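> Next comes model_0.cif, mmCIF, C-alpha atoms and all ligand atoms:
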data_structure
loop_
_atom_site.label_atom_id
_atom_site.label_comp_id
_atom_site.auth_asym_id
_atom_site.auth_seq_id
_atom_site.Cartn_x
_atom_site.Cartn_y
_atom_site.Cartn_z
CA MET A 16 -1.09 13.25 9.56
CA ARG A 17 2.15 11.25 9.21
CA VAL A 18 2.34 8.82 6.29
CA ALA A 19 4.92 6.44 4.94
CA GLY A 20 8.54 7.31 5.38
CA SER A 21 9.58 10.81 6.27
CA ALA A 22 6.70 12.37 4.37
CA ASN A 23 4.34 14.73 6.08
CA LEU A 24 0.89 15.49 4.81
CA LEU A 25 -1.27 18.55 5.20
CA VAL A 26 -4.91 18.38 4.19
CA CYS A 27 -6.27 21.83 3.35
CA ALA A 28 -9.93 22.85 3.11
CA ASP A 29 -9.77 23.58 -0.61
CA ALA A 30 -7.52 24.42 -3.57
CA GLU A 31 -7.21 28.02 -2.43
CA ASN A 32 -5.73 26.96 0.88
CA VAL A 33 -3.36 24.53 -0.80
CA ALA A 34 -2.10 27.48 -2.84
CA ILE A 35 -1.73 29.63 0.28
CA GLU A 36 0.25 26.90 2.05
CA ALA A 37 2.48 26.36 -0.98
CA ALA A 38 3.07 30.09 -1.50
CA ASP A 39 3.80 30.57 2.20
CA ARG A 40 6.32 27.72 2.09
CA PHE A 41 7.97 29.08 -1.08
CA ALA A 42 8.25 32.55 0.45
CA PHE A 43 9.54 31.32 3.81
CA LEU A 44 12.20 29.13 2.18
CA ALA A 45 13.20 31.89 -0.26
CA ILE A 46 13.69 34.45 2.51
CA LYS A 47 15.48 31.93 4.74
CA SER A 48 17.74 30.56 1.96
CA VAL A 49 18.75 34.03 0.80
CA ALA A 50 19.42 35.15 4.38
CA GLU A 51 21.57 32.08 5.03
CA ASN A 52 23.19 31.43 1.64
CA GLY A 53 22.53 34.49 -0.49
CA VAL A 54 20.49 32.52 -3.00
CA PHE A 55 17.30 30.42 -3.37
CA TYR A 56 17.08 27.63 -5.91
CA ALA A 57 13.58 26.39 -6.74
CA ALA A 58 12.17 24.04 -9.36
CA VAL A 59 8.51 24.37 -10.31
CA PRO A 60 6.20 22.17 -12.40
CA GLY A 61 3.63 22.91 -15.05
CA GLY A 62 0.12 21.57 -15.18
CA SER A 63 -2.87 22.89 -13.26
CA SER A 64 -1.81 22.11 -9.69
CA PRO A 65 0.68 24.97 -9.23
CA LYS A 66 -1.31 27.66 -11.08
CA LYS A 67 -2.92 29.29 -8.05
CA THR A 68 0.35 29.18 -6.15
CA LEU A 69 2.32 30.77 -8.99
CA SER A 70 -0.27 33.52 -9.35
CA LYS A 71 -0.20 34.22 -5.61
CA LEU A 72 3.60 34.56 -5.60
CA ALA A 73 3.32 37.31 -8.22
CA VAL A 74 1.22 39.71 -6.09
CA GLY A 75 0.91 41.30 -2.65
CA VAL A 76 3.24 40.44 0.22
CA TYR A 77 4.74 37.51 -1.66
CA LYS A 78 5.83 39.78 -4.51
CA ASP A 79 7.04 42.41 -2.06
CA LEU A 80 8.86 40.21 0.46
CA ILE A 81 10.50 37.52 -1.66
CA PRO A 82 14.06 38.62 -2.59
CA TRP A 83 13.51 37.96 -6.31
CA SER A 84 16.95 39.22 -7.38
CA ARG A 85 18.48 36.24 -5.51
CA VAL A 86 15.93 33.64 -6.65
CA HIS A 87 16.67 31.10 -9.39
CA ILE A 88 13.71 29.37 -11.01
CA PHE A 89 14.22 26.02 -12.70
CA PHE A 90 11.57 23.68 -14.13
CA THR A 91 10.85 20.17 -12.92
CA ASP A 92 9.92 19.23 -16.44
CA GLU A 93 8.89 20.50 -19.84
CA ARG A 94 6.99 19.41 -22.85
CA ALA A 95 8.85 18.96 -26.17
CA VAL A 96 7.49 22.24 -27.55
CA PRO A 97 8.89 25.75 -28.12
CA PRO A 98 8.67 28.25 -25.23
CA GLY A 99 5.74 30.12 -26.77
CA HIS A 100 3.62 27.00 -27.32
CA GLU A 101 0.34 26.76 -25.41
CA ASP A 102 1.54 23.50 -23.79
CA SER A 103 4.86 24.97 -22.63
CA ASN A 104 5.46 24.87 -18.87
CA TYR A 105 7.89 27.75 -19.33
CA ARG A 106 5.12 29.80 -20.97
CA LEU A 107 2.73 28.98 -18.12
CA VAL A 108 5.21 29.92 -15.37
CA ASN A 109 6.33 33.01 -17.26
CA GLU A 110 2.77 34.27 -17.69
CA LEU A 111 1.68 33.57 -14.10
CA LEU A 112 4.84 34.43 -12.20
CA VAL A 113 8.11 35.33 -13.92
CA SER A 114 6.79 38.21 -16.07
CA ASN A 115 5.19 39.78 -12.98
CA VAL A 116 8.11 39.82 -10.53
CA PRO A 117 11.58 41.43 -10.63
CA ILE A 118 13.51 38.21 -11.12
CA PRO A 119 16.53 38.68 -13.41
CA ALA A 120 16.04 36.97 -16.77
CA GLU A 121 19.32 35.11 -16.31
CA ASN A 122 17.90 33.52 -13.14
CA VAL A 123 15.16 31.70 -15.05
CA HIS A 124 16.45 28.40 -16.41
CA ARG A 125 14.25 26.59 -18.89
CA PHE A 126 14.60 23.43 -20.93
CA MET A 127 15.39 24.66 -24.45
CA ALA A 128 12.96 22.15 -25.90
CA GLU A 129 13.16 23.76 -29.33
CA LEU A 130 16.62 22.20 -29.69
CA GLY A 131 15.15 18.69 -29.62
CA PRO A 132 14.80 16.40 -26.58
CA ALA A 133 18.34 15.05 -26.25
CA GLU A 134 20.09 18.39 -26.78
CA ALA A 135 17.62 20.18 -24.50
CA ALA A 136 18.23 17.72 -21.66
CA GLU A 137 21.99 17.96 -22.07
CA ARG A 138 21.95 21.77 -22.14
CA TYR A 139 19.66 21.91 -19.11
CA GLU A 140 21.88 19.58 -17.12
CA ALA A 141 24.94 21.65 -18.07
CA GLU A 142 23.19 24.84 -16.91
CA LEU A 143 22.10 23.15 -13.70
CA VAL A 144 25.68 22.06 -12.97
CA ASP A 145 27.09 25.44 -13.98
CA ILE A 146 24.79 27.24 -11.53
CA MET A 147 24.57 24.72 -8.68
CA GLY A 148 27.50 22.32 -9.08
CA ASP A 149 27.48 18.67 -10.08
CA LYS A 150 25.41 17.60 -7.08
CA PRO A 151 22.73 20.32 -7.13
CA VAL A 152 20.70 20.80 -3.96
CA PHE A 153 17.46 22.59 -4.66
CA ASP A 154 16.13 24.55 -1.71
CA LEU A 155 12.64 23.68 -2.94
CA VAL A 156 11.24 21.32 -5.55
CA MET A 157 7.52 21.77 -6.13
CA LEU A 158 5.74 18.88 -7.85
CA GLY A 159 2.29 17.92 -9.01
CA MET A 160 1.05 14.38 -9.52
CA GLY A 161 -0.94 13.04 -12.43
CA ASP A 162 -3.92 10.76 -11.82
CA ASP A 163 -1.65 8.00 -13.17
CA THR A 164 0.76 8.86 -10.29
CA HIS A 165 3.45 10.36 -12.56
CA THR A 166 5.35 13.36 -11.26
CA ALA A 167 7.49 15.84 -13.15
CA SER A 168 7.66 13.93 -16.42
CA LEU A 169 8.56 10.65 -14.78
CA PHE A 170 5.73 8.53 -16.13
CA PRO A 171 4.96 4.91 -15.21
CA ASN A 172 7.40 2.43 -16.77
CA SER A 173 9.28 5.22 -18.57
CA PRO A 174 13.07 5.01 -19.07
CA ALA A 175 13.99 8.12 -17.06
CA LEU A 176 12.60 6.49 -13.91
CA LEU A 177 15.69 4.28 -13.85
CA GLU A 178 18.16 7.12 -14.39
CA ASP A 179 20.43 7.23 -11.38
CA LYS A 180 23.28 9.42 -12.62
CA LYS A 181 22.03 12.14 -14.95
CA LEU A 182 20.24 15.13 -13.45
CA ALA A 183 17.96 15.73 -16.43
CA ALA A 184 16.66 13.46 -19.16
CA ALA A 185 14.71 13.29 -22.37
CA ASN A 186 12.05 10.73 -21.50
CA TYR A 187 9.99 8.95 -24.16
CA VAL A 188 6.45 8.55 -22.82
CA GLU A 189 4.64 5.68 -24.56
CA LYS A 190 1.15 6.71 -23.50
CA LEU A 191 1.68 10.20 -24.93
CA SER A 192 3.71 8.98 -27.93
CA CYS A 193 6.14 11.81 -27.39
CA TYR A 194 9.25 12.89 -25.53
CA ARG A 195 9.09 14.90 -22.33
CA LEU A 196 11.99 16.64 -20.59
CA THR A 197 12.40 16.07 -16.88
CA LEU A 198 14.55 16.33 -13.80
CA THR A 199 15.55 12.87 -12.68
CA LEU A 200 15.19 11.35 -9.21
CA PRO A 201 18.84 12.05 -8.27
CA ALA A 202 18.16 15.77 -8.83
CA ILE A 203 14.71 15.79 -7.22
CA ASN A 204 15.58 13.71 -4.16
CA ASN A 205 18.68 15.77 -3.37
CA ALA A 206 16.43 18.75 -2.53
CA LYS A 207 16.21 20.25 0.94
CA GLU A 208 12.42 20.38 0.64
CA ILE A 209 9.92 18.83 -1.74
CA LEU A 210 6.27 19.84 -1.93
CA ILE A 211 3.83 17.59 -3.79
CA LEU A 212 0.52 19.28 -4.58
CA ALA A 213 -2.55 17.13 -5.26
CA ILE A 214 -5.90 18.84 -5.71
CA GLY A 215 -9.38 17.58 -6.60
CA GLU A 216 -11.49 14.42 -6.52
CA ALA A 217 -9.76 13.10 -9.65
CA LYS A 218 -6.54 12.64 -7.66
CA ALA A 219 -8.13 10.85 -4.66
CA ALA A 220 -7.60 7.30 -5.95
CA ALA A 221 -4.00 8.03 -6.96
CA VAL A 222 -3.27 9.62 -3.58
CA HIS A 223 -4.67 6.59 -1.80
CA THR A 224 -2.70 4.17 -4.01
CA VAL A 225 0.55 6.04 -3.52
CA LEU A 226 0.30 6.71 0.19
CA CYS A 227 -1.54 3.61 1.38
CA GLY A 228 -0.76 0.97 -1.26
CA GLU A 229 2.25 -1.20 -1.95
CA GLN A 230 5.55 0.35 -3.05
CA ASP A 231 5.64 0.00 -6.83
CA ILE A 232 7.82 2.75 -8.26
CA GLN A 233 7.66 1.55 -11.86
CA ASN A 234 3.88 1.84 -11.87
CA HIS A 235 3.63 4.66 -9.34
CA PRO A 236 6.61 6.96 -9.97
CA VAL A 237 5.73 9.57 -7.36
CA GLN A 238 6.46 6.92 -4.71
CA ALA A 239 10.12 7.30 -5.72
CA VAL A 240 10.12 10.90 -4.45
CA LYS A 241 11.98 10.40 -1.16
CA PRO A 242 14.40 13.17 -0.30
CA PHE A 243 17.84 11.81 0.68
CA ASN A 244 18.24 14.33 3.49
CA GLY A 245 15.41 16.77 3.00
CA ARG A 246 11.75 17.11 3.90
CA LEU A 247 8.76 15.92 1.89
CA LEU A 248 5.38 17.55 2.39
CA TRP A 249 2.22 16.54 0.60
CA LEU A 250 -0.29 19.39 0.23
CA LEU A 251 -3.77 18.03 -0.49
CA ASP A 252 -7.21 19.53 -0.54
CA ARG A 253 -10.03 17.60 1.13
CA GLU A 254 -11.19 16.13 -2.18
CA ALA A 255 -7.79 14.68 -3.07
CA ALA A 256 -7.49 13.31 0.48
CA SER A 257 -11.02 11.89 0.52
CA MET A 258 -9.91 8.25 0.24
CA LEU A 259 -7.27 8.36 2.96
C1 LIG B 301 3.33 18.93 -16.48
C2 LIG B 301 3.67 18.89 -15.03
C3 LIG B 301 3.29 17.52 -14.55
C4 LIG B 301 2.16 17.73 -13.61
C5 LIG B 301 1.29 16.52 -13.54
C6 LIG B 301 0.00 16.86 -12.82
O1 LIG B 301 4.22 19.11 -17.32
O2 LIG B 301 2.12 18.78 -16.74
O3 LIG B 301 4.92 19.28 -14.72
O4 LIG B 301 4.26 16.79 -13.93
O5 LIG B 301 2.64 18.03 -12.31
O6 LIG B 301 1.01 16.12 -14.86
O7 LIG B 301 -0.71 17.71 -13.66
P1 LIG B 301 -1.91 18.60 -13.08
O8 LIG B 301 -1.29 19.48 -12.05
O9 LIG B 301 -2.41 19.35 -14.28
O10 LIG B 301 -2.92 17.63 -12.51
#
Do you think you could lay out the structure here as structure tokens?

Amino acid sequence: MRVAGSANLLVCADAENVAIEAADRFAFLAIKSVAENGVFYAAVPGGSSPKKTLSKLAVGVYKDLIPWSRVHIFFTDERAVPPGHEDSNYRLVNELLVSNVPIPAENVHRFMAELGPAEAAERYEAELVDIMGDKPVFDLVMLGMGDDTHTASLFPNSPALLEDKKLAAANYVEKLSCYRLTLTLPAINNAKEILILAIGEAKAAAVHTVLCGEQDIQNHPVQAVKPFNGRLLWLLDREAASML
């Protein structure tokens, strides 16, 4: 199904098949990027949407065939908590994927949230630029979407949504009364490929609003995910797609 803009959309039978599609895509792009450029740069989110995918990548053919020594894992966003905190996206990705595959520790790039939001965002941006240059092009950015249509930690009407120069930001989120750390749209939209995962009945209304409703980036941030030159693929299960 083709939807607005250059996005493509794949509706899978269930969450398991969304995870298979996402893991297949990650593996294909990793093998291709390393073969062509010697490296694969990916950014992954936290939350529940990527969990099955991350777990799949840590076992079987995915673990065996992905050239982990040439893979760099970044994070699309992070909570303002230390890396061992139960809410930490780093902790989640480390437990499900990183600790189970032979990726070099220096290839895992986290927001150092324990330094405080502003310092963490600055350090992360510096690391991003140091590794990928000042106009980083991720080979893959994997995203989820909240039922309020936020993505990464770009929440409705939050300051970082307007950021058009920085690559990473400390974003104060009114509804959560806290800071979040996030890649900005310039970093996300410069990717070669972006996957947005949406799973479950609870996301159906948001999916419909975003894909079929009016453009309203301030209130529906995920609508701002439009790769400059790359490919956008929505991966939905039937429940999340049930209002399309
Ligand atoms: C996070 C994620 C966030 C997530 C959405 C959707 O820090 O929680 O990075 O951007 O993708 O909040 O969350 P679910 O996948 O849990 O629905």
> Might I get the box with edges along x, y and z of the file that holds all atoms of ligand LIG 301 (chain B) listed there, padded by 5 Å on every side, given as centre and edge lengths in Å to one decimal, as JSON?

{"center_x": 1.0, "center_y": 17.8, "center_z": -14.7, "size_x": 17.8, "size_y": 13.4, "size_z": 15.3}
> Enumerate as a CSV table (one decimal) with C-alpha atoms, keeping the file's coordinate frame the residues within 7 Å of ligand LIG 301 (chain B), counting all atoms listed in the file.

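File result.csv, as written:
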chain,number,residue,atom,x,y,z
A,60,PRO,CA,6.2,22.2,-12.4
A,61,GLY,CA,3.6,22.9,-15.0
A,62,GLY,CA,0.1,21.6,-15.2
A,63,SER,CA,-2.9,22.9,-13.3
A,64,SER,CA,-1.8,22.1,-9.7
A,65,PRO,CA,0.7,25.0,-9.2
A,91,THR,CA,10.8,20.2,-12.9
A,92,ASP,CA,9.9,19.2,-16.4
A,93,GLU,CA,8.9,20.5,-19.8
A,94,ARG,CA,7.0,19.4,-22.8
A,104,ASN,CA,5.5,24.9,-18.9
A,158,LEU,CA,5.7,18.9,-7.8
A,159,GLY,CA,2.3,17.9,-9.0
A,160,MET,CA,1.0,14.4,-9.5
A,161,GLY,CA,-0.9,13.0,-12.4
A,162,ASP,CA,-3.9,10.8,-11.8
A,165,HIS,CA,3.4,10.4,-12.6
A,166,THR,CA,5.4,13.4,-11.3
A,167,ALA,CA,7.5,15.8,-13.2
A,168,SER,CA,7.7,13.9,-16.4
> Using all atoms listed in the file, what does the table of segment 59-96 of chain A residues within 9 Å of segment 23-46 of chain A look like, with each row giving the shortest atom pair and its distance in Å to one decimal, sorted by chain and ascending number, as a Markdown table?

| residue | atom | partner | partner_atom | distance |
| --- | --- | --- | --- | --- |
| A:Ser64 | CA | A:Ala30 | CA | 8.7 |
| A:Pro65 | CA | A:Ala34 | CA | 7.4 |
| A:Lys66 | CA | A:Ala34 | CA | 8.3 |
| A:Lys67 | CA | A:Ala34 | CA | 5.6 |
| A:Thr68 | CA | A:Ala34 | CA | 4.5 |
| A:Leu69 | CA | A:Ala38 | CA | 7.6 |
| A:Lys71 | CA | A:Ala38 | CA | 6.7 |
| A:Leu72 | CA | A:Ala38 | CA | 6.1 |
| A:Tyr77 | CA | A:Ala42 | CA | 6.4 |
| A:Leu80 | CA | A:Ala42 | CA | 7.7 |
| A:Ile81 | CA | A:Ala42 | CA | 5.8 |
| A:Pro82 | CA | A:Ile46 | CA | 6.6 |
| A:Trp83 | CA | A:Ala45 | CA | 8.6 |
| A:Arg85 | CA | A:Ala45 | CA | 8.6 |
| A:Val86 | CA | A:Ala45 | CA | 7.2 |
> Determine, using only C-alpha atoms, which residues of segment 29-109 of chain A have any atom at most 6 Å from an atom of segment 116-137 of chain A, and tabulate each with its shortest atom pair and distance in Å to one decimal place, rows ordered by chain and then rising number, as CSV.

residue,atom,partner,partner_atom,distance
A:Ala73,CA,A:Val116,CA,5.9
A:Trp83,CA,A:Ile118,CA,4.8
A:Ser84,CA,A:Ile118,CA,5.2
A:His87,CA,A:Asn122,CA,4.6
A:Ile88,CA,A:Val123,CA,4.9
A:Phe89,CA,A:His124,CA,4.9
A:Ala95,CA,A:Ala128,CA,5.2
A:Val96,CA,A:Ala128,CA,5.7
A:Pro97,CA,A:Glu129,CA,4.9
> My list of candidates is A:Glu110, A:Asp102, A:Asp163, A:Asp154. Which is closest to Lys190 of chain A when distances are computed with only C-alpha atoms?
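Looking only at the distances to Lys190 of chain A, the closest residue turns out to be A:Asp163.
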> When you count all atoms listed in the file, which of these residues is closest to Tyr56 of chain A: A:Lys241, A:Gly228, A:Thr197, A:Glu208?
A:Glu208
> Do a neighbour search on Val152 of chain A at 7 Å with only C-alpha atoms, toss out local chain neighbours closer than 6 positions, and write the hits as a PDB file with C-alpha atoms, in the frame of the given file.

ATOM      1  CA  ASN A 205      18.680  15.770  -3.370  1.00  0.00           C
ATOM      2  CA  ALA A 206      16.430  18.750  -2.530  1.00  0.00           C
ATOM      3  CA  LYS A 207      16.210  20.250   0.940  1.00  0.00           C
TER       4      LYS A 207
END
